[in-house]
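Enquirer: model17.pdb (PDB, C-alpha atoms) pasted underneath:
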ATOM      1  CA  MET A  98      37.995 -73.973  27.455
ATOM      2  CA  THR A  99      36.840 -75.830  24.377
ATOM      3  CA  ASP A 100      37.824 -79.419  23.728
ATOM      4  CA  GLY A 101      38.571 -80.776  20.310
ATOM      5  CA  ALA A 102      35.710 -83.265  19.968
ATOM      6  CA  ASP A 103      33.459 -80.845  18.093
ATOM      7  CA  GLU A 104      36.044 -80.475  15.335
ATOM      8  CA  GLU A 105      35.304 -83.895  13.901
ATOM      9  CA  MET A 106      31.561 -83.206  13.844
ATOM     10  CA  GLY A 107      31.866 -80.368  11.336
ATOM     11  CA  MET A 108      29.312 -77.590  11.230
ATOM     12  CA  ASP A 109      26.572 -76.393   8.977
ATOM     13  CA  LEU A 110      26.753 -73.282   6.802
ATOM     14  CA  GLN A 111      24.858 -70.982   9.155
ATOM     15  CA  GLU A 112      27.015 -72.037  12.070
ATOM     16  CA  ALA A 113      30.190 -71.441  10.040
ATOM     17  CA  SER A 114      28.946 -68.005   9.006
ATOM     18  CA  ALA A 115      28.052 -67.090  12.582
ATOM     19  CA  ILE A 116      31.438 -68.244  13.910
ATOM     20  CA  LEU A 117      33.238 -66.322  11.181
ATOM     21  CA  GLN A 118      31.387 -63.079  11.898
ATOM     22  CA  GLU A 119      31.540 -63.359  15.674
ATOM     23  CA  THR A 120      35.254 -64.229  15.684
ATOM     24  CA  ARG A 121      36.052 -61.397  13.279
ATOM     25  CA  ASP A 122      34.197 -58.864  15.439
ATOM     26  CA  ARG A 123      35.803 -60.102  18.642
ATOM     27  CA  ALA A 124      39.318 -60.177  17.131
ATOM     28  CA  ARG A 125      38.911 -56.653  15.751
ATOM     29  CA  ARG A 126      37.782 -55.352  19.128
ATOM     30  CA  ALA A 127      40.731 -57.027  20.830
ATOM     31  CA  LEU A 128      43.574 -56.574  18.346
ATOM     32  CA  VAL A 129      42.913 -53.669  16.010
ATOM     33  CA  VAL A 130      44.021 -50.181  17.009
ATOM     34  CA  ARG A 131      41.150 -47.890  16.058
ATOM     35  CA  ARG A 132      42.839 -44.753  14.757
ATOM     36  CA  PRO A 133      39.708 -42.547  15.199
ATOM     37  CA  VAL A 134      39.761 -43.251  18.943
ATOM     38  CA  LEU A 135      43.361 -42.024  19.233
ATOM     39  CA  LEU A 136      42.607 -39.025  17.006
ATOM     40  CA  ALA A 137      39.643 -38.123  19.228
ATOM     41  CA  VAL A 138      41.669 -38.280  22.435
ATOM     42  CA  TRP A 139      44.637 -36.323  21.055
ATOM     43  CA  GLY A 140      42.366 -33.845  19.272
ATOM     44  CA  ALA A 141      40.535 -33.138  22.535
ATOM     45  CA  ALA A 142      43.821 -32.799  24.448
ATOM     46  CA  TRP A 143      45.138 -30.404  21.797
ATOM     47  CA  LEU A 144      41.958 -28.324  21.755
ATOM     48  CA  VAL A 145      41.877 -28.049  25.557
ATOM     49  CA  SER A 146      45.580 -27.295  26.041
ATOM     50  CA  ASP A 147      46.032 -24.699  23.280
ATOM     51  CA  GLY A 148      42.575 -23.313  24.045
ATOM     52  CA  ALA A 149      43.574 -22.825  27.702
ATOM     53  CA  ILE A 150      46.761 -21.040  26.650
ATOM     54  CA  TRP A 151      44.832 -18.769  24.288
ATOM     55  CA  LEU A 152      42.391 -17.876  27.091
ATOM     56  CA  SER A 153      45.338 -16.988  29.320
ATOM     57  CA  VAL A 154      47.102 -14.749  26.772
ATOM     58  CA  ARG A 155      44.249 -13.177  24.825
ATOM     59  CA  GLY A 156      44.220  -9.904  26.815
ATOM     60  CA  GLN A 157      47.974  -9.449  26.925
ATOM     61  CA  ARG A 158      49.397  -6.229  25.454
ATOM     62  CA  PRO A 159      52.324  -6.770  25.058
ATOM     63  CA  TYR A 160      52.474 -10.537  24.866
ATOM     64  CA  ASN A 161      54.056 -12.108  27.982
ATOM     65  CA  GLY A 162      53.317 -15.797  27.455
ATOM     66  CA  PRO A 163      50.930 -18.305  29.043
ATOM     67  CA  THR A 164      50.123 -18.300  32.750
ATOM     68  CA  PRO A 165      51.249 -21.172  35.038
ATOM     69  CA  ALA A 166      47.617 -22.328  35.279
ATOM     70  CA  ALA A 167      47.394 -22.605  31.491
ATOM     71  CA  LEU A 168      50.680 -24.521  31.342
ATOM     72  CA  MET A 169      49.383 -26.877  34.045
ATOM     73  CA  THR A 170      46.227 -27.453  31.995
ATOM     74  CA  LEU A 171      48.409 -28.231  28.961
ATOM     75  CA  SER A 172      50.543 -30.662  30.994
ATOM     76  CA  ALA A 173      47.477 -32.379  32.462
ATOM     77  CA  ALA A 174      45.795 -32.747  29.045
ATOM     78  CA  ILE A 175      48.929 -34.192  27.443
ATOM     79  CA  ALA A 176      49.523 -36.511  30.411
ATOM     80  CA  ALA A 177      45.929 -37.788  30.297
ATOM     81  CA  ALA A 178      46.093 -38.402  26.535
ATOM     82  CA  THR A 179      49.461 -40.147  26.904
ATOM     83  CA  VAL A 180      48.211 -42.447  29.671
ATOM     84  CA  PHE A 181      45.141 -43.332  27.619
ATOM     85  CA  ALA A 182      47.237 -44.029  24.498
ATOM     86  CA  VAL A 183      49.719 -46.196  26.410
ATOM     87  CA  ILE A 184      46.945 -48.305  27.977
ATOM     88  CA  TYR A 185      44.941 -48.543  24.729
ATOM     89  CA  LEU A 186      47.912 -49.454  22.545
ATOM     90  CA  GLY A 187      49.242 -51.808  25.233
ATOM     91  CA  ARG A 188      45.971 -53.749  25.355
ATOM     92  CA  ALA A 189      45.618 -54.023  21.579
ATOM     93  CA  GLY A 190      49.303 -54.797  21.066
ATOM     94  CA  SER A 191      49.635 -57.409  23.824
ATOM     95  CA  GLY A 192      51.137 -60.529  22.251
ATOM     96  CA  VAL A 193      51.318 -58.915  18.811
ATOM     97  CA  GLY A 194      54.696 -58.751  17.086
ATOM     98  CA  GLY A 195      56.039 -58.029  13.640
ATOM     99  CA  LEU A 196      56.084 -55.241  11.113
ATOM    100  CA  SER A 197      53.303 -52.939  12.333
ATOM    101  CA  VAL A 198      54.711 -52.952  15.877
ATOM    102  CA  LEU A 199      58.122 -51.957  14.519
ATOM    103  CA  GLN A 200      56.557 -49.207  12.373
ATOM    104  CA  ARG A 201      54.702 -47.824  15.387
ATOM    105  CA  ARG A 202      57.877 -47.779  17.497
ATOM    106  CA  VAL A 203      59.839 -45.944  14.799
ATOM    107  CA  LEU A 204      57.086 -43.319  14.503
ATOM    108  CA  LEU A 205      56.913 -42.898  18.301
ATOM    109  CA  LEU A 206      60.696 -42.510  18.530
ATOM    110  CA  SER A 207      60.627 -39.919  15.727
ATOM    111  CA  TYR A 208      57.835 -38.040  17.519
ATOM    112  CA  LEU A 209      59.630 -37.986  20.877
ATOM    113  CA  GLY A 210      62.930 -37.042  19.232
ATOM    114  CA  GLY A 211      61.138 -34.279  17.344
ATOM    115  CA  TYR A 212      59.706 -32.838  20.562
ATOM    116  CA  VAL A 213      63.133 -32.810  22.234
ATOM    117  CA  ALA A 214      64.512 -30.995  19.165
ATOM    118  CA  LEU A 215      61.636 -28.467  19.247
ATOM    119  CA  PHE A 216      62.180 -27.561  22.901
ATOM    120  CA  THR A 217      65.948 -27.385  22.407
ATOM    121  CA  LEU A 218      65.496 -25.061  19.455
ATOM    122  CA  GLU A 219      63.060 -22.911  21.447
ATOM    123  CA  ALA A 220      65.697 -22.556  24.172
ATOM    124  CA  ALA A 221      68.250 -21.586  21.526
ATOM    125  CA  ILE A 222      65.901 -18.968  20.046
ATOM    126  CA  ASP A 223      65.295 -17.568  23.530
ATOM    127  CA  HIS A 224      69.042 -17.586  24.217
ATOM    128  CA  ALA A 225      69.662 -15.685  20.971
ATOM    129  CA  GLY A 226      67.484 -12.856  22.266
ATOM    130  CA  ALA A 227      64.182 -13.471  20.499
ATOM    131  CA  SER A 228      61.202 -11.516  21.848
ATOM    132  CA  ARG A 229      58.388 -13.160  23.832
ATOM    133  CA  ALA A 230      56.157 -12.690  20.802
ATOM    134  CA  VAL A 231      58.495 -14.645  18.527
ATOM    135  CA  ILE A 232      58.794 -17.417  21.112
ATOM    136  CA  GLY A 233      54.995 -17.435  21.434
ATOM    137  CA  VAL A 234      54.510 -17.902  17.698
ATOM    138  CA  TYR A 235      57.174 -20.617  17.625
ATOM    139  CA  GLY A 236      55.732 -22.380  20.698
ATOM    140  CA  ALA A 237      52.297 -22.634  19.089
ATOM    141  CA  ALA A 238      53.221 -23.323  15.452
ATOM    142  CA  ALA A 239      56.296 -25.565  15.725
ATOM    143  CA  PRO A 240      54.494 -28.512  17.439
ATOM    144  CA  VAL A 241      51.836 -28.342  14.705
ATOM    145  CA  LEU A 242      54.601 -28.657  12.111
ATOM    146  CA  LEU A 243      56.037 -31.688  13.925
ATOM    147  CA  VAL A 244      52.638 -33.412  14.242
ATOM    148  CA  ALA A 245      51.925 -32.649  10.564
ATOM    149  CA  LEU A 246      55.163 -34.276   9.432
ATOM    150  CA  ILE A 247      54.680 -37.348  11.650
ATOM    151  CA  ILE A 248      51.111 -37.798  10.361
ATOM    152  CA  ALA A 249      52.276 -37.375   6.744
ATOM    153  CA  ALA A 250      55.008 -39.963   7.392
ATOM    154  CA  SER A 251      52.375 -42.283   8.917
ATOM    155  CA  ALA A 252      50.333 -41.877   5.733
ATOM    156  CA  ALA A 253      53.306 -43.150   3.741
ATOM    157  CA  VAL A 254      53.867 -46.072   6.125
ATOM    158  CA  PHE A 255      50.236 -47.182   6.268
ATOM    159  CA  LEU A 256      49.309 -45.984   2.743
ATOM    160  CA  ASN A 257      46.383 -43.985   4.094
ATOM    161  CA  TRP A 258      45.092 -41.051   2.001
ATOM    162  CA  SER A 259      42.986 -39.605   4.819
ATOM    163  CA  LEU A 260      46.077 -39.319   6.991
ATOM    164  CA  LEU A 261      47.949 -37.660   4.139
ATOM    165  CA  GLY A 262      45.128 -35.120   3.804
ATOM    166  CA  LEU A 263      45.253 -34.424   7.539
ATOM    167  CA  GLY A 264      49.055 -34.097   7.448
ATOM    168  CA  LEU A 265      48.937 -31.621   4.558
ATOM    169  CA  TRP A 266      46.177 -29.620   6.258
ATOM    170  CA  LEU A 267      48.243 -29.389   9.448
ATOM    171  CA  LEU A 268      51.289 -28.306   7.433
ATOM    172  CA  ALA A 269      49.213 -25.452   6.032
ATOM    173  CA  VAL A 270      48.001 -24.576   9.552
ATOM    174  CA  ALA A 271      51.577 -24.618  10.879
ATOM    175  CA  ALA A 272      52.836 -22.440   8.045
ATOM    176  CA  GLY A 273      49.971 -19.937   8.099
ATOM    177  CA  SER A 274      49.016 -19.670  11.780
ATOM    178  CA  GLY A 275      52.100 -17.662  12.733
ATOM    179  CA  PHE A 276      50.794 -14.699  10.752
ATOM    180  CA  ALA A 277      47.925 -14.456  13.227
ATOM    181  CA  GLY A 278      50.372 -13.168  15.845
ATOM    182  CA  PRO A 279      51.516 -14.564  19.212
ATOM    183  CA  VAL A 280      48.044 -14.436  20.808
ATOM    184  CA  THR A 281      45.696 -15.598  18.061
ATOM    185  CA  VAL A 282      48.117 -18.295  16.879
ATOM    186  CA  TRP A 283      47.062 -20.361  19.928
ATOM    187  CA  ALA A 284      43.380 -20.147  19.001
ATOM    188  CA  VAL A 285      44.156 -21.042  15.390
ATOM    189  CA  SER A 286      46.244 -24.022  16.535
ATOM    190  CA  ALA A 287      43.509 -25.196  18.938
ATOM    191  CA  LEU A 288      40.693 -24.963  16.396
ATOM    192  CA  ALA A 289      42.416 -25.790  13.105
ATOM    193  CA  GLY A 290      44.785 -28.361  14.667
ATOM    194  CA  GLY A 291      42.906 -30.038  17.509
ATOM    195  CA  GLY A 292      39.612 -29.419  15.733
ATOM    196  CA  ALA A 293      40.889 -31.117  12.566
ATOM    197  CA  LEU A 294      41.843 -34.214  14.544
ATOM    198  CA  LEU A 295      38.376 -34.305  16.106
ATOM    199  CA  VAL A 296      36.688 -33.952  12.705
ATOM    200  CA  MET A 297      38.806 -36.807  11.338
ATOM    201  CA  ALA A 298      37.916 -38.885  14.394
ATOM    202  CA  VAL A 299      34.180 -38.344  13.870
ATOM    203  CA  ILE A 300      34.456 -39.201  10.156
ATOM    204  CA  GLY A 301      36.450 -42.341  10.998
ATOM    205  CA  LEU A 302      34.032 -43.470  13.716
ATOM    206  CA  ARG A 303      31.058 -42.996  11.390
ATOM    207  CA  ARG A 304      32.849 -44.959   8.667
ATOM    208  CA  ASP A 305      33.592 -47.764  11.136
ATOM    209  CA  ARG A 306      29.907 -48.022  12.061
ATOM    210  CA  SER A 307      28.614 -48.101   8.483
TER     211      SER A 307
ATOM    212  CA  MET B 178      22.981 -78.307   3.422
ATOM    213  CA  SER B 179      25.950 -79.071   1.204
ATOM    214  CA  ILE B 180      29.442 -78.064   2.219
ATOM    215  CA  ASP B 181      30.980 -79.008  -1.119
ATOM    216  CA  GLY B 182      33.748 -76.616  -2.085
ATOM    217  CA  LEU B 183      34.527 -75.557   1.466
ATOM    218  CA  ASP B 184      38.138 -76.194   2.466
ATOM    219  CA  PRO B 185      37.947 -79.102   4.958
ATOM    220  CA  VAL B 186      41.092 -77.941   6.755
ATOM    221  CA  ILE B 187      39.436 -74.633   7.671
ATOM    222  CA  HIS B 188      35.886 -75.966   8.017
ATOM    223  CA  GLY B 189      35.927 -76.746  11.728
ATOM    224  CA  PRO B 190      34.923 -74.354  14.534
ATOM    225  CA  ALA B 191      38.320 -74.068  16.215
ATOM    226  CA  ARG B 192      40.398 -73.904  13.040
ATOM    227  CA  LEU B 193      38.037 -71.359  11.491
ATOM    228  CA  ARG B 194      38.346 -69.182  14.588
ATOM    229  CA  ILE B 195      42.152 -69.500  14.550
ATOM    230  CA  MET B 196      42.309 -68.485  10.889
ATOM    231  CA  VAL B 197      39.915 -65.546  11.258
ATOM    232  CA  THR B 198      41.694 -64.244  14.361
ATOM    233  CA  LEU B 199      45.111 -64.365  12.681
ATOM    234  CA  ALA B 200      43.698 -62.757   9.506
ATOM    235  CA  THR B 201      42.683 -59.720  11.580
ATOM    236  CA  LEU B 202      46.356 -58.813  11.911
ATOM    237  CA  PRO B 203      48.042 -57.014   9.024
ATOM    238  CA  GLU B 204      50.419 -59.009   6.829
ATOM    239  CA  GLY B 205      53.834 -59.235   8.483
ATOM    240  CA  ASP B 206      52.444 -59.368  12.027
ATOM    241  CA  ASP B 207      52.248 -62.375  14.339
ATOM    242  CA  LEU B 208      50.444 -63.270  17.552
ATOM    243  CA  SER B 209      51.870 -64.991  20.612
ATOM    244  CA  PHE B 210      50.580 -68.481  21.349
ATOM    245  CA  SER B 211      49.364 -67.389  24.794
ATOM    246  CA  ARG B 212      47.378 -64.381  23.457
ATOM    247  CA  LEU B 213      45.837 -66.542  20.737
ATOM    248  CA  GLN B 214      44.876 -69.128  23.325
ATOM    249  CA  ASP B 215      43.446 -66.408  25.537
ATOM    250  CA  LEU B 216      41.354 -64.957  22.683
ATOM    251  CA  LEU B 217      39.975 -68.322  21.593
ATOM    252  CA  GLY B 218      39.532 -69.972  24.986
ATOM    253  CA  LEU B 219      41.139 -73.228  23.844
ATOM    254  CA  THR B 220      43.315 -75.522  25.941
ATOM    255  CA  PRO B 221      47.038 -75.470  25.012
ATOM    256  CA  GLY B 222      46.889 -79.078  23.779
ATOM    257  CA  ASN B 223      43.824 -78.445  21.655
ATOM    258  CA  LEU B 224      45.308 -75.300  20.144
ATOM    259  CA  ILE B 225      48.575 -77.118  19.339
ATOM    260  CA  THR B 226      46.627 -79.914  17.603
ATOM    261  CA  HIS B 227      44.703 -77.504  15.392
ATOM    262  CA  LEU B 228      47.749 -75.352  14.663
ATOM    263  CA  ARG B 229      49.620 -78.458  13.546
ATOM    264  CA  LYS B 230      46.851 -79.286  11.055
ATOM    265  CA  LEU B 231      46.877 -75.746   9.711
ATOM    266  CA  GLU B 232      50.670 -75.733   9.587
ATOM    267  CA  ASP B 233      50.695 -79.029   7.662
ATOM    268  CA  ALA B 234      48.388 -77.390   5.105
ATOM    269  CA  GLY B 235      50.773 -74.430   4.837
ATOM    270  CA  TYR B 236      48.215 -71.986   6.227
ATOM    271  CA  VAL B 237      50.044 -70.866   9.378
ATOM    272  CA  ILE B 238      53.616 -70.657  10.609
ATOM    273  CA  THR B 239      54.668 -71.057  14.232
ATOM    274  CA  VAL B 240      58.044 -69.696  15.275
ATOM    275  CA  LYS B 241      59.730 -70.334  18.613
ATOM    276  CA  SER B 242      62.190 -67.708  19.823
ATOM    277  CA  GLY B 243      64.120 -66.949  23.024
ATOM    278  CA  ALA B 244      64.758 -69.376  25.853
ATOM    279  CA  GLY B 245      63.656 -69.887  29.462
ATOM    280  CA  VAL B 246      61.382 -67.144  30.767
ATOM    281  CA  ASN B 247      61.887 -65.216  27.511
ATOM    282  CA  ALA B 248      60.690 -68.122  25.354
ATOM    283  CA  ARG B 249      57.963 -67.040  22.942
ATOM    284  CA  THR B 250      55.987 -68.960  20.380
ATOM    285  CA  SER B 251      54.443 -66.759  17.735
ATOM    286  CA  VAL B 252      51.848 -67.739  15.177
ATOM    287  CA  SER B 253      51.121 -66.009  11.895
ATOM    288  CA  LEU B 254      49.026 -66.591   8.801
ATOM    289  CA  THR B 255      50.905 -67.376   5.594
ATOM    290  CA  TYR B 256      50.052 -65.847   2.236
ATOM    291  CA  ASP B 257      48.490 -69.197   1.228
ATOM    292  CA  GLY B 258      46.492 -69.182   4.456
ATOM    293  CA  ARG B 259      45.121 -65.709   3.779
ATOM    294  CA  VAL B 260      44.159 -66.722   0.224
ATOM    295  CA  ALA B 261      42.557 -69.942   1.499
ATOM    296  CA  LEU B 262      40.482 -68.052   4.073
ATOM    297  CA  ASP B 263      39.351 -65.524   1.443
ATOM    298  CA  ARG B 264      38.317 -68.406  -0.820
ATOM    299  CA  TYR B 265      36.554 -70.175   2.069
ATOM    300  CA  THR B 266      34.634 -66.994   2.901
ATOM    301  CA  ALA B 267      33.615 -66.460  -0.726
ATOM    302  CA  VAL B 268      32.438 -70.067  -1.163
ATOM    303  CA  LEU B 269      30.543 -69.947   2.130
ATOM    304  CA  ARG B 270      28.759 -66.780   1.003
ATOM    305  CA  GLN B 271      27.846 -68.377  -2.340
ATOM    306  CA  LEU B 272      26.474 -71.479  -0.629
ATOM    307  CA  LEU B 273      24.427 -69.398   1.798
ATOM    308  CA  ASP B 274      23.056 -67.263  -1.047
ATOM    309  CA  ALA B 275      22.166 -70.374  -3.024
ATOM    310  CA  ALA B 276      20.427 -71.889  -0.003
ATOM    311  CA  ALA B 277      18.469 -68.695   0.601
ATOM    312  CA  SER B 278      17.272 -68.210  -2.978
ATOM    313  CA  PRO B 279      14.064 -70.028  -3.995
ATOM    314  CA  PRO B 280      14.495 -73.090  -6.269
ATOM    315  CA  PRO B 281      13.812 -72.429  -9.982
ATOM    316  CA  SER B 282      10.285 -73.179 -11.127
ATOM    317  CA  SER B 283       9.933 -76.411 -13.150
ATOM    318  CA  THR B 284       6.995 -75.123 -15.264
TER     319      THR B 284
END
Turn this file's structure into structure tokens for me.
Expert:
Amino acid sequence: MTDGADEEMGMDLQEASAILQETRDRARRALVVRRPVLLAVWGAAWLVSDGAIWLSVRGQRPYNGPTPAALMTLSAAIAAATVFAVIYLGRAGSGVGGLSVLQRRVLLLSYLGGYVALFTLEAAIDHAGASRAVIGVYGAAAPVLLVALIIAASAAVFLNWSLLGLGLWLLAVAAGSGFAGPVTVWAVSALAGGGALLVMAVIGLRRDRS
Amino acid sequence: MSIDGLDPVIHGPARLRIMVTLATLPEGDDLSFSRLQDLLGLTPGNLITHLRKLEDAGYVITVKSGAGVNARTSVSLTYDGRVALDRYTAVLRQLLDAAASPPPSST
């Protein structure tokens, strides 16, 4: 712990500059949520989970849906990414209150609510007699649509043009990927969805370093 | 070296670190007293003393909320505080640049 005696002694310009820079770096490491890190983790989880499903369905004629092993891979990838995000955001957000915390909670609630709605709608489509192929296309494309809308909403909240670009790209992926059919839609989602998040993460990390 | 033009309220190691740490947060956010203390490694009494000086200058606001085990003291930078830190940083940079540049030739 530092006592207050040094305060009355003042400091020279170099010392002030060094304190300013060191404190800024330390505070950023401790308090700032680095969006590229979260994009990297979720992009990897997305790529692995949808990639695993595509590998499990790619030889199916007719389409029957993903295997239990592929669904377990998806669950494990999402669980791992969720645990990481909770710990990472918890550390950065410890002791922080105010507007950005509220914004983050609203976005998280919208995301979770959106997922519940997606699964409910999928059950309704199944109940209405939709084929496995239709449910396959929906299961791959609908989450992309949800993520796209949440990211676009985040762009409005944080006034971030890169996020808006990513959100619009994912909207296009969601809208167009279904035409690839129930098998290939998973590969398109993995590469154009998860891959896009990873590309954004790399760009963001490089920008942070420069 | 001269420190003319540097805000004397900010120009002290602990107060500068408090201001810079709080400025890292986006406008509208605050930081709990305990997290701020943890980040800066100051004693509670020392941190209170410096916060009071910054508060008197209108640079920070401390807000107490809750009671008992839920009591929380939060600290945030004011708009004036953010402007003052920006000005301090700019003046510091100018002074360092001036000190680094060679004196003009008298011939």
Enquirer: Quick one: everything within 12 Å of Leu183 (chain B), counting all atoms listed in the file, minus sequence neighbours fewer than 5 positions away in the same chain. Send it as a PyMOL selection string.
Expert: (chain A and resi 107-110+113) or (chain B and resi 188-189+193+261-273)
Enquirer: Show me a table, sorted first by chain and then by increasing residue number, of the residues of chain B having an atom at most 8 Å from chain A, each with its shortest atom pair and the distance in Å to one decimal, counting all atoms listed in the file and written as a Markdown table.
Expert:
| residue | atom | partner | partner_atom | distance |
| --- | --- | --- | --- | --- |
| B:Met178 | CA | A:Asp109 | CA | 6.9 |
| B:Ile180 | CA | A:Leu110 | CA | 7.1 |
| B:His188 | CA | A:Gly107 | CA | 6.8 |
| B:Gly189 | CA | A:Glu104 | CA | 5.2 |
| B:Pro190 | CA | A:Glu104 | CA | 6.3 |
| B:Ala191 | CA | A:Glu104 | CA | 6.9 |
| B:Leu193 | CA | A:Leu117 | CA | 7.0 |
| B:Arg194 | CA | A:Thr120 | CA | 5.9 |
| B:Val197 | CA | A:Arg121 | CA | 6.0 |
| B:Thr198 | CA | A:Ala124 | CA | 5.5 |
| B:Thr201 | CA | A:Arg125 | CA | 6.4 |
| B:Leu202 | CA | A:Leu128 | CA | 7.4 |
| B:Pro203 | CA | A:Ser197 | CA | 7.4 |
| B:Gly205 | CA | A:Leu196 | CA | 5.3 |
| B:Asp206 | CA | A:Gly195 | CA | 4.2 |
| B:Asp207 | CA | A:Gly194 | CA | 5.2 |
| B:Leu208 | CA | A:Val193 | CA | 4.6 |
| B:Ser209 | CA | A:Gly192 | CA | 4.8 |
| B:Ser211 | CA | A:Gly192 | CA | 7.5 |
| B:Arg212 | CA | A:Gly192 | CA | 5.5 |
| B:Leu216 | CA | A:Ala124 | CA | 7.6 |
| B:Gly218 | CA | A:Met98 | CA | 4.9 |
| B:Leu219 | CA | A:Met98 | CA | 4.8 |
| B:Thr220 | CA | A:Met98 | CA | 5.7 |
| B:Asn223 | CA | A:Gly101 | CA | 5.9 |
| B:Leu269 | CA | A:Leu110 | CA | 6.9 |
| B:Leu272 | CA | A:Leu110 | CA | 7.7 |
| B:Leu273 | CA | A:Leu110 | CA | 6.7 |
Enquirer: Run through the PyMOL selection byres ((chain A and resi 302) around 12) on the given coordinates and return the selected residues as a ChimeraX atom specification.
Expert: /A:131-137,295-301,303-307
Enquirer: CA of Ala176 (chain A) and CA of Ala189 (chain A), how far apart in Å?
Expert: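 Taking CA of Ala189 (chain A) as the start and CA of Ala176 (chain A) as the end point, the length is 20.0 Å.
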Enquirer: So that I can check the surroundings of Thr281 (chain A), please list as a list of chain:residue names every protein, DNA and RNA residue that reaches within 12 Å of it, counting all atoms listed in the file and ignoring chain neighbours fewer than 6 positions away.
Expert: A:Asp147, A:Gly148, A:Ile150, A:Trp151, A:Leu152, A:Ser153, A:Val154, A:Arg155, A:Gly156, A:Gln157, A:Tyr160, A:Ala230, A:Gly233, A:Val234, A:Ala237, A:Ala238, A:Gly273, A:Ser274, A:Gly275, A:Ala287, A:Leu288, A:Ala289
Enquirer: Given the file above and the PyMOL selection byres ((chain B and resi 254) around 6), which residues are selected, and can you give them as a compact mmCIF listing (two decimals) with C-alpha atoms, in the coordinates of the input?
Expert:
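As a result, part-v4.txt now contains:
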# COMPACT_ATOMS: atom_id res chain seq x y z
CA LEU B 199 45.11 -64.36 12.68
CA VAL B 237 50.04 -70.87 9.38
CA SER B 253 51.12 -66.01 11.90
CA THR B 255 50.90 -67.38 5.59
CA GLY B 258 46.49 -69.18 4.46
Enquirer: Please give the centre and size of the box around region 184-193 of chain B (axis-aligned, containing every atom listed in the file, 6 Å added per side), with values in Å to one decimal and written as lines of an AutoDock Vina configuration file.
Expert:
center_x = 38.0
center_y = -75.2
center_z = 9.3
size_x = 18.2
size_y = 19.7
size_z = 25.7
Enquirer: Between CA of Gly235 (chain B) and CA of Glu204 (chain B), measure the distance and give it in Å to one decimal.
Expert: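 These two atoms are separated by 15.6 Å.
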Enquirer: So how far away is CA of Leu261 (chain A) from CA of Gly236 (chain A), in Å?
Expert: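 About the pair CA of Gly236 (chain A) and CA of Leu261 (chain A): they are 23.8 Å apart.
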Enquirer: Given the choices B:Val252, B:Asn247, B:Arg192, B:Pro279, which gets closest to Lys230 (chain B) if the distance is worked out from only C-alpha atoms?
Expert: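 Between B:Val252, B:Asn247, B:Arg192, B:Pro279, the residue approaching Lys230 (chain B) most closely is B:Arg192.
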Enquirer: Given the file shown, enumerate the residues that the PyMOL selection byres ((chain A and resi 167) around 8) captures and present them as a list in words.
Expert: Ser146, Ala149, Ile150, Ser153, Pro163, Thr164, Pro165, Ala166, Leu168, Met169, Thr170 and Leu171 of chain A
Enquirer: Take the residues that were just selected and, keeping C-alpha atoms, output them as a CSV table (one decimal), in the coordinates of the input.
Expert:
chain,number,residue,atom,x,y,z
A,146,SER,CA,45.6,-27.3,26.0
A,149,ALA,CA,43.6,-22.8,27.7
A,150,ILE,CA,46.8,-21.0,26.6
A,153,SER,CA,45.3,-17.0,29.3
A,163,PRO,CA,50.9,-18.3,29.0
A,164,THR,CA,50.1,-18.3,32.8
A,165,PRO,CA,51.2,-21.2,35.0
A,166,ALA,CA,47.6,-22.3,35.3
A,168,LEU,CA,50.7,-24.5,31.3
A,169,MET,CA,49.4,-26.9,34.0
A,170,THR,CA,46.2,-27.5,32.0
A,171,LEU,CA,48.4,-28.2,29.0
Enquirer: Mind filling out region 169-177 of chain A with N, CA and C atoms and sending it as a PDB file, in the coordinates of the input?
Expert:
ATOM      1  N   MET A 169      49.767 -25.665  33.294  1.00  0.00           N
ATOM      2  CA  MET A 169      49.383 -26.877  34.045  1.00  0.00           C
ATOM      3  C   MET A 169      48.246 -27.613  33.329  1.00  0.00           C
ATOM      4  N   THR A 170      47.316 -26.841  32.769  1.00  0.00           N
ATOM      5  CA  THR A 170      46.227 -27.453  31.995  1.00  0.00           C
ATOM      6  C   THR A 170      46.787 -28.214  30.803  1.00  0.00           C
ATOM      7  N   LEU A 171      47.755 -27.579  30.108  1.00  0.00           N
ATOM      8  CA  LEU A 171      48.409 -28.231  28.961  1.00  0.00           C
ATOM      9  C   LEU A 171      49.079 -29.537  29.404  1.00  0.00           C
ATOM     10  N   SER A 172      49.836 -29.467  30.515  1.00  0.00           N
ATOM     11  CA  SER A 172      50.543 -30.662  30.994  1.00  0.00           C
ATOM     12  C   SER A 172      49.554 -31.767  31.361  1.00  0.00           C
ATOM     13  N   ALA A 173      48.466 -31.386  32.034  1.00  0.00           N
ATOM     14  CA  ALA A 173      47.477 -32.379  32.462  1.00  0.00           C
ATOM     15  C   ALA A 173      46.799 -33.036  31.251  1.00  0.00           C
ATOM     16  N   ALA A 174      46.470 -32.214  30.241  1.00  0.00           N
ATOM     17  CA  ALA A 174      45.795 -32.747  29.045  1.00  0.00           C
ATOM     18  C   ALA A 174      46.713 -33.711  28.300  1.00  0.00           C
ATOM     19  N   ILE A 175      47.985 -33.321  28.156  1.00  0.00           N
ATOM     20  CA  ILE A 175      48.929 -34.192  27.443  1.00  0.00           C
ATOM     21  C   ILE A 175      49.175 -35.470  28.246  1.00  0.00           C
ATOM     22  N   ALA A 176      49.293 -35.328  29.570  1.00  0.00           N
ATOM     23  CA  ALA A 176      49.523 -36.511  30.411  1.00  0.00           C
ATOM     24  C   ALA A 176      48.343 -37.479  30.313  1.00  0.00           C
ATOM     25  N   ALA A 177      47.127 -36.937  30.365  1.00  0.00           N
ATOM     26  CA  ALA A 177      45.929 -37.788  30.297  1.00  0.00           C
ATOM     27  C   ALA A 177      45.863 -38.514  28.954  1.00  0.00           C
TER      28      ALA A 177
END
